[in-house]
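The next block holds one structure in the form of structure tokens; read it before the comments.
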Amino acid sequence: METVQLTLLGGLLALDGTSVGQFMMSRPLVAGALVGWVVGDPALGLSVGAILELYLLVSFPTGGSRFPEGATASVVAVASAAVSVAPGAVPLGIAVGLVWGQLGGFSITWLRHANSRLVPEPTRAPRRSGDVTSAHALALLMDFARGAAVTLSGLLVGRLVVGSFAAAWALAPGASAGLLLLGGTVSAGILLRDLGGFRRRHALLATGMALGILGARLL
Amino acid sequence: MSGTFTRGALASSFVRLFLIQGSWNYHTMLGCGFAFAMLPGLRSLHGADAEEMTESLGRHVELFNAHPYLAGAALGAVLELERTGADAETVRRFKLAVRGPLGSLGDALVWASWLPALSVLALTLYWAGLPGWLAVAAFLGIYNIGHVGLRLWCFRVGLAEGRDVGRRLARADLGRWTDRLKGVGALSVGALVGVLLARDGGFADAGVPWMALAIAAFLAGLRLGHRAWRPAAVVAVGAIVLLTAVGIVR
């Protein structure tokens, strides 16, 4: 029953990614929290979602570019990590989530090619408004089905991987956190470059760092 | 022709704006979605005149693209052009002229500034110790006030200004807003790095070597830009697989 719920949630969150609304329910931090709630471990969902959000900070649905799909990555990562309490569950869940995020990105490209054959041909005007509506509705349905299929396949693989190998994890908890956050700090550097670069933003960066260190000590 | 739109038709077109990317494709991009959002307005305008409707729809399934949040400016303006009976060529040229600016303006304002600034802020608050649900609620609430507000403003400006919508958008000086938001984003990135370095359970707990690696990773991202993302993700996944394999062999 939980697998069905997660699959449907994956489909719905995938829709939010580009097709419906883009209210950012599909961002990993939000999606992770939702999945954590579904699997009965909100703290785990937030923690995994936050790490994936850090990785995918620079992944935005810009134009026709291909981007990793944060929504399905988050559902797969959190639901897989929740299978075991062994120390390797979170790292392995995140690894499977990152791989499935990439596969989700490829599936979006495939869907957009499929949509090209589905939409009304401009050189041949549609006879009825229903032609436009039905093509659009079918495309939305296909996106939901795509998101659900990517999620389901990720859940099956992720839960198997985590269930089988999580206990074999070789790092201490502190080092595990360091490793998981490390890849994400690359994204933070890329983002600073996108936001104007070090030369232009160094004063704001330094102020922010001071505030961050102070906040971490006080809160 | 100079008809009027019913309030319901305009509301319906606005709601459909939220689905405008539903059939995004490499052939006509937003074309079908744009026509889908136009439909209630066109029905209100053309009523039972099937010939007018068919002709008009044919114009709007053509290639079109824009940032989804700013597409409302084009939608409103094109509805206004249709209402005032602009000829097909004028509508076509207008759509061609606005699609580039609406795309680049929206990408810079929303995807490259508003969203990352708030994402980083939410992560910073979460890792600084704020309850997770509060960080998520703050992110969703603040982001979507801006998001829905921008969509609504663009649609209304488009309807009010028609073909002059570009001038109105230029007066709004969205570029200045983009720069300010990027400043907020840079401040938030600094705060995030500070929190990650100092908080319990972050790099401080992992030890000095991990802190040094984190600074090196941050600088690599800063230096290499987006080229660094995929290798970093591959290295992270590879390291996790390797450490699991080491554990299995042991």
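Labels used: A, B, ... for chains in the order of the structure tokens, numbers from 1 for residues in each chain, and numbers from 1 for ligands as shown.
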
Near-region 112-120 of chain A list (7 Å; only C-alpha atoms; drop same-chain fewer than 3 positions) as a ChimeraX atom specification | /A:108-109,126,132,135,139 /B:23-27,32,61

Let's have the selection written as a PDB file, in the first residue's frame, with C-alpha atoms.
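Everything below was put into result-v8.pdb:
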ATOM      1  CA  ILE A 108      11.649  14.145 -19.394  1.00  0.00           C
ATOM      2  CA  THR A 109      13.642  14.540 -22.621  1.00  0.00           C
ATOM      3  CA  PRO A 126      -7.012  22.019 -35.562  1.00  0.00           C
ATOM      4  CA  VAL A 132      -5.931  21.184 -28.381  1.00  0.00           C
ATOM      5  CA  ALA A 135      -3.592  16.729 -26.758  1.00  0.00           C
ATOM      6  CA  ALA A 139       0.512  15.084 -22.410  1.00  0.00           C
TER       7      ALA A 139
ATOM      8  CA  SER B  23       2.606  19.706 -23.405  1.00  0.00           C
ATOM      9  CA  TRP B  24       6.078  21.310 -23.728  1.00  0.00           C
ATOM     10  CA  ASN B  25       7.820  19.752 -26.730  1.00  0.00           C
ATOM     11  CA  TYR B  26      10.800  20.259 -29.045  1.00  0.00           C
ATOM     12  CA  HIS B  27       8.577  21.058 -32.041  1.00  0.00           C
ATOM     13  CA  CYS B  32      -0.060  23.880 -27.589  1.00  0.00           C
ATOM     14  CA  VAL B  61      -0.602  26.351 -31.648  1.00  0.00           C
TER      15      VAL B  61
END

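Omitting Ile213 (chain A) and its sequence neighbours fewer than 2 positions away, and counting only C-alpha atoms, the residues within 8 Å are Met209, Ala210, Leu211, Gly215, Ala216 and Arg217 of chain A; Ala191, Gly194, Val195, Leu197, Ala198 and Arg199 of chain B.
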
Export of prior selection with C-alpha atoms as a tab-separated table (two decimals), in the first residue's frame:
chain	number	residue	atom	x	y	z
A	209	MET	CA	29.37	33.35	6.64
A	210	ALA	CA	29.73	35.36	9.85
A	211	LEU	CA	25.95	35.32	10.34
A	215	GLY	CA	23.43	31.43	13.94
A	216	ALA	CA	24.71	27.86	14.18
A	217	ARG	CA	26.20	28.62	17.59
B	191	ALA	CA	25.31	31.88	5.66
B	194	GLY	CA	29.03	29.22	7.68
B	195	VAL	CA	26.30	27.01	9.15
B	197	LEU	CA	31.17	24.61	8.83
B	198	ALA	CA	30.07	25.43	12.37
B	199	ARG	CA	26.98	23.40	13.24

Pairwise distance, CA of Gln21 (chain B) with CA of Val98 (chain B), equals 17.2 Å

Excluding region 239-246 of chain B and any residue of its chain fewer than 5 positions from it, enumerate the residues within 6 Å of it, using only C-alpha atoms, and give them as a PyMOL selection string.
-> chain A and resi 168-170

Using only C-alpha atoms, which residues sit within 8 Å of Gly184 (chain A) once same-chain residues fewer than 2 positions away are excluded, as number ranges by chain?
-> A: 51-52, 54-56, 180-182, 186-188

Limited to C-alpha atoms, could you put the picked residues into a file as a compact mmCIF listing (two decimals), in the first residue's frame?
# COMPACT_ATOMS: atom_id res chain seq x y z
CA ILE A 51 21.14 16.99 1.34
CA LEU A 52 19.55 16.43 -2.09
CA LEU A 54 22.05 21.07 -1.59
CA TYR A 55 23.17 18.86 -4.51
CA LEU A 56 20.41 20.15 -6.80
CA LEU A 180 27.46 13.48 1.92
CA LEU A 181 27.73 17.24 2.35
CA LEU A 182 30.95 17.50 0.34
CA VAL A 186 30.41 22.11 -4.99
CA SER A 187 26.85 23.19 -5.87
CA ALA A 188 27.07 26.06 -3.37

So what do you get for CA of Gly129 (chain B) versus CA of Leu192 (chain B), distance-wise?
-> 12.1 Å

Would you mind listing what lies within 12 Å of region 107-111 of chain B as a ChimeraX atom specification, with only C-alpha atoms counted and same-chain residues fewer than 6 positions away left out?
-> /A:22,24,57-65,191,194-196 /B:66-71,100-101,117-119,143-144,146-148,150-151,173-182,185

Using only N, CA and C atoms, please write the residues we just selected to a file, as a tab-separated table (two decimals), in the first residue's frame.
chain	number	residue	atom	x	y	z
A	22	GLN	N	4.31	24.44	-10.97
A	22	GLN	CA	5.67	24.77	-10.49
A	22	GLN	C	5.61	25.56	-9.19
A	24	MET	N	6.87	24.45	-6.59
A	24	MET	CA	8.09	24.00	-5.93
A	24	MET	C	7.85	22.96	-4.83
A	57	LEU	N	20.89	22.38	-5.94
A	57	LEU	CA	20.70	23.83	-5.85
A	57	LEU	C	20.79	24.52	-7.20
A	58	VAL	N	21.61	23.96	-8.08
A	58	VAL	CA	21.82	24.63	-9.37
A	58	VAL	C	21.07	23.92	-10.50
A	59	SER	N	20.12	23.08	-10.12
A	59	SER	CA	19.34	22.37	-11.14
A	59	SER	C	17.94	22.98	-11.22
A	60	PHE	N	17.72	23.77	-12.28
A	60	PHE	CA	16.43	24.43	-12.45
A	60	PHE	C	15.87	24.14	-13.83
A	61	PRO	N	14.54	24.06	-13.93
A	61	PRO	CA	13.93	23.70	-15.22
A	61	PRO	C	13.99	24.83	-16.24
A	62	THR	N	15.19	25.22	-16.64
A	62	THR	CA	15.37	26.34	-17.56
A	62	THR	C	15.13	25.90	-19.00
A	63	GLY	N	14.16	26.52	-19.65
A	63	GLY	CA	13.90	26.30	-21.06
A	63	GLY	C	13.86	24.83	-21.44
A	64	GLY	N	14.54	24.49	-22.53
A	64	GLY	CA	14.50	23.11	-23.01
A	64	GLY	C	15.69	22.30	-22.54
A	65	SER	N	16.41	22.77	-21.51
A	65	SER	CA	17.61	22.06	-21.07
A	65	SER	C	17.25	20.78	-20.33
A	191	LEU	N	26.71	27.94	-7.42
A	191	LEU	CA	25.63	28.93	-7.26
A	191	LEU	C	26.19	30.33	-7.02
A	194	ASP	N	27.06	31.77	-10.19
A	194	ASP	CA	25.86	32.20	-10.93
A	194	ASP	C	25.30	33.51	-10.37
A	195	LEU	N	25.50	33.71	-9.07
A	195	LEU	CA	24.91	34.89	-8.42
A	195	LEU	C	25.80	36.14	-8.53
A	196	GLY	N	26.87	36.02	-9.27
A	196	GLY	CA	27.72	37.19	-9.49
A	196	GLY	C	29.20	36.94	-9.28
B	66	ALA	N	8.37	31.00	-23.67
B	66	ALA	CA	8.57	32.09	-22.71
B	66	ALA	C	8.79	31.45	-21.35
B	67	HIS	N	9.26	32.23	-20.40
B	67	HIS	CA	9.30	31.70	-19.05
B	67	HIS	C	7.86	31.47	-18.60
B	68	PRO	N	7.56	30.31	-17.96
B	68	PRO	CA	6.15	30.03	-17.63
B	68	PRO	C	5.50	31.09	-16.74
B	69	TYR	N	6.26	31.71	-15.83
B	69	TYR	CA	5.67	32.69	-14.93
B	69	TYR	C	5.37	34.01	-15.65
B	70	LEU	N	6.16	34.29	-16.70
B	70	LEU	CA	5.99	35.55	-17.42
B	70	LEU	C	5.13	35.39	-18.69
B	71	ALA	N	4.79	34.14	-19.01
B	71	ALA	CA	4.02	33.89	-20.23
B	71	ALA	C	2.66	34.58	-20.17
B	100	GLY	N	11.52	35.82	-26.85
B	100	GLY	CA	12.90	35.82	-26.35
B	100	GLY	C	13.04	36.59	-25.03
B	101	PRO	N	12.61	37.87	-25.02
B	101	PRO	CA	12.73	38.65	-23.78
B	101	PRO	C	11.99	38.03	-22.60
B	117	ALA	N	17.86	31.81	-4.22
B	117	ALA	CA	18.02	32.60	-2.99
B	117	ALA	C	17.16	32.01	-1.88
B	118	LEU	N	15.90	31.66	-2.21
B	118	LEU	CA	15.02	31.11	-1.17
B	118	LEU	C	15.36	29.68	-0.80
B	119	SER	N	15.82	28.88	-1.79
B	119	SER	CA	16.23	27.50	-1.48
B	119	SER	C	17.38	27.50	-0.49
B	143	TYR	N	8.01	31.81	-1.40
B	143	TYR	CA	8.24	31.60	-2.83
B	143	TYR	C	6.94	31.80	-3.63
B	144	ASN	N	5.86	31.20	-3.14
B	144	ASN	CA	4.63	31.21	-3.94
B	144	ASN	C	3.87	32.54	-3.86
B	146	GLY	N	5.48	35.31	-4.19
B	146	GLY	CA	6.14	35.95	-5.33
B	146	GLY	C	5.73	35.33	-6.65
B	147	HIS	N	5.66	34.00	-6.67
B	147	HIS	CA	5.33	33.27	-7.90
B	147	HIS	C	3.94	33.62	-8.42
B	148	VAL	N	2.93	33.43	-7.57
B	148	VAL	CA	1.55	33.68	-8.02
B	148	VAL	C	1.33	35.17	-8.29
B	150	LEU	N	3.56	37.29	-9.35
B	150	LEU	CA	4.21	37.63	-10.63
B	150	LEU	C	3.34	37.19	-11.81
B	151	ARG	N	2.78	35.98	-11.70
B	151	ARG	CA	1.91	35.48	-12.79
B	151	ARG	C	0.70	36.41	-12.96
B	173	ASP	N	11.46	47.53	-14.52
B	173	ASP	CA	12.89	47.33	-14.23
B	173	ASP	C	13.14	46.02	-13.47
B	174	LEU	N	12.70	44.93	-14.07
B	174	LEU	CA	12.87	43.63	-13.42
B	174	LEU	C	14.35	43.26	-13.26
B	175	GLY	N	15.20	43.85	-14.13
B	175	GLY	CA	16.64	43.58	-14.03
B	175	GLY	C	17.21	44.02	-12.69
B	176	ARG	N	16.71	45.15	-12.17
B	176	ARG	CA	17.20	45.64	-10.88
B	176	ARG	C	16.78	44.69	-9.75
B	177	TRP	N	15.54	44.20	-9.87
B	177	TRP	CA	15.06	43.21	-8.88
B	177	TRP	C	15.92	41.95	-8.92
B	178	THR	N	16.28	41.54	-10.14
B	178	THR	CA	17.10	40.34	-10.31
B	178	THR	C	18.43	40.54	-9.58
B	179	ASP	N	19.05	41.70	-9.75
B	179	ASP	CA	20.35	41.95	-9.13
B	179	ASP	C	20.23	41.95	-7.60
B	180	ARG	N	19.17	42.55	-7.10
B	180	ARG	CA	18.97	42.57	-5.64
B	180	ARG	C	18.80	41.15	-5.09
B	181	LEU	N	18.01	40.37	-5.80
B	181	LEU	CA	17.77	38.99	-5.35
B	181	LEU	C	19.06	38.17	-5.40
B	182	LYS	N	19.89	38.44	-6.40
B	182	LYS	CA	21.17	37.73	-6.47
B	182	LYS	C	22.05	38.11	-5.28
B	185	GLY	N	20.82	36.15	-2.48
B	185	GLY	CA	21.28	34.77	-2.69
B	185	GLY	C	22.72	34.60	-2.25

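Those residues that approach Leu92 (chain A) to within 10 Å, counting only C-alpha atoms, are Ala77, Ser80, Ala81, Pro87, Gly88, Ala89, Ala95, Val96, Gly97, Leu98, Gly158, Arg159, Val161, Val162, Gly163, Phe165, Ala166 and Trp169 of chain A; Val237, Ile240, Val241 and Thr244 of chain B; same-chain residues fewer than 3 positions away are not listed.
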
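Counting only C-alpha atoms and comparing B:Phe139, B:Phe64, B:Phe18, B:Phe5, the residue that lies closest to chain A is B:Phe18.
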
Between A:Leu152, A:Leu46, A:Val157, A:Leu8, which has the minimum distance to chain B (counting only C-alpha atoms)?
-> A:Leu46

Find the distance between CA of Ser74 (chain A) and CA of Val30 (chain A) and write it in Å to one decimal.
-> 9.0 Å

Using backbone DSSP assignments, extract all helix (DSSP H, G or I) residues from region 45-206 of chain B; output them as a PyMOL selection string.
-> chain B and resi 45-46+50-60+71-83+88-128+132-172+174-198+203-206

Using only C-alpha atoms, find the one residue out of B:Arg230, B:Gly72, B:Thr4, B:Val120 that sits nearest to Trp153 (chain B).
-> B:Gly72

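Proximity of A:Ser134, A:Ser19, A:Gly11, A:Phe106 to chain B, computed with only C-alpha atoms, is greatest for A:Ser19.
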
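Comparing the minimum interatomic distances between chain A and each of B:Ser104, B:Ser13, B:Thr54, B:Thr84, counting only C-alpha atoms, we find that B:Thr54 sits nearest.
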
Using only C-alpha atoms, which of the listed residues (A:Leu103, A:Val48, A:Ile190, A:Val38) sits closest to chain B?
-> A:Ile190
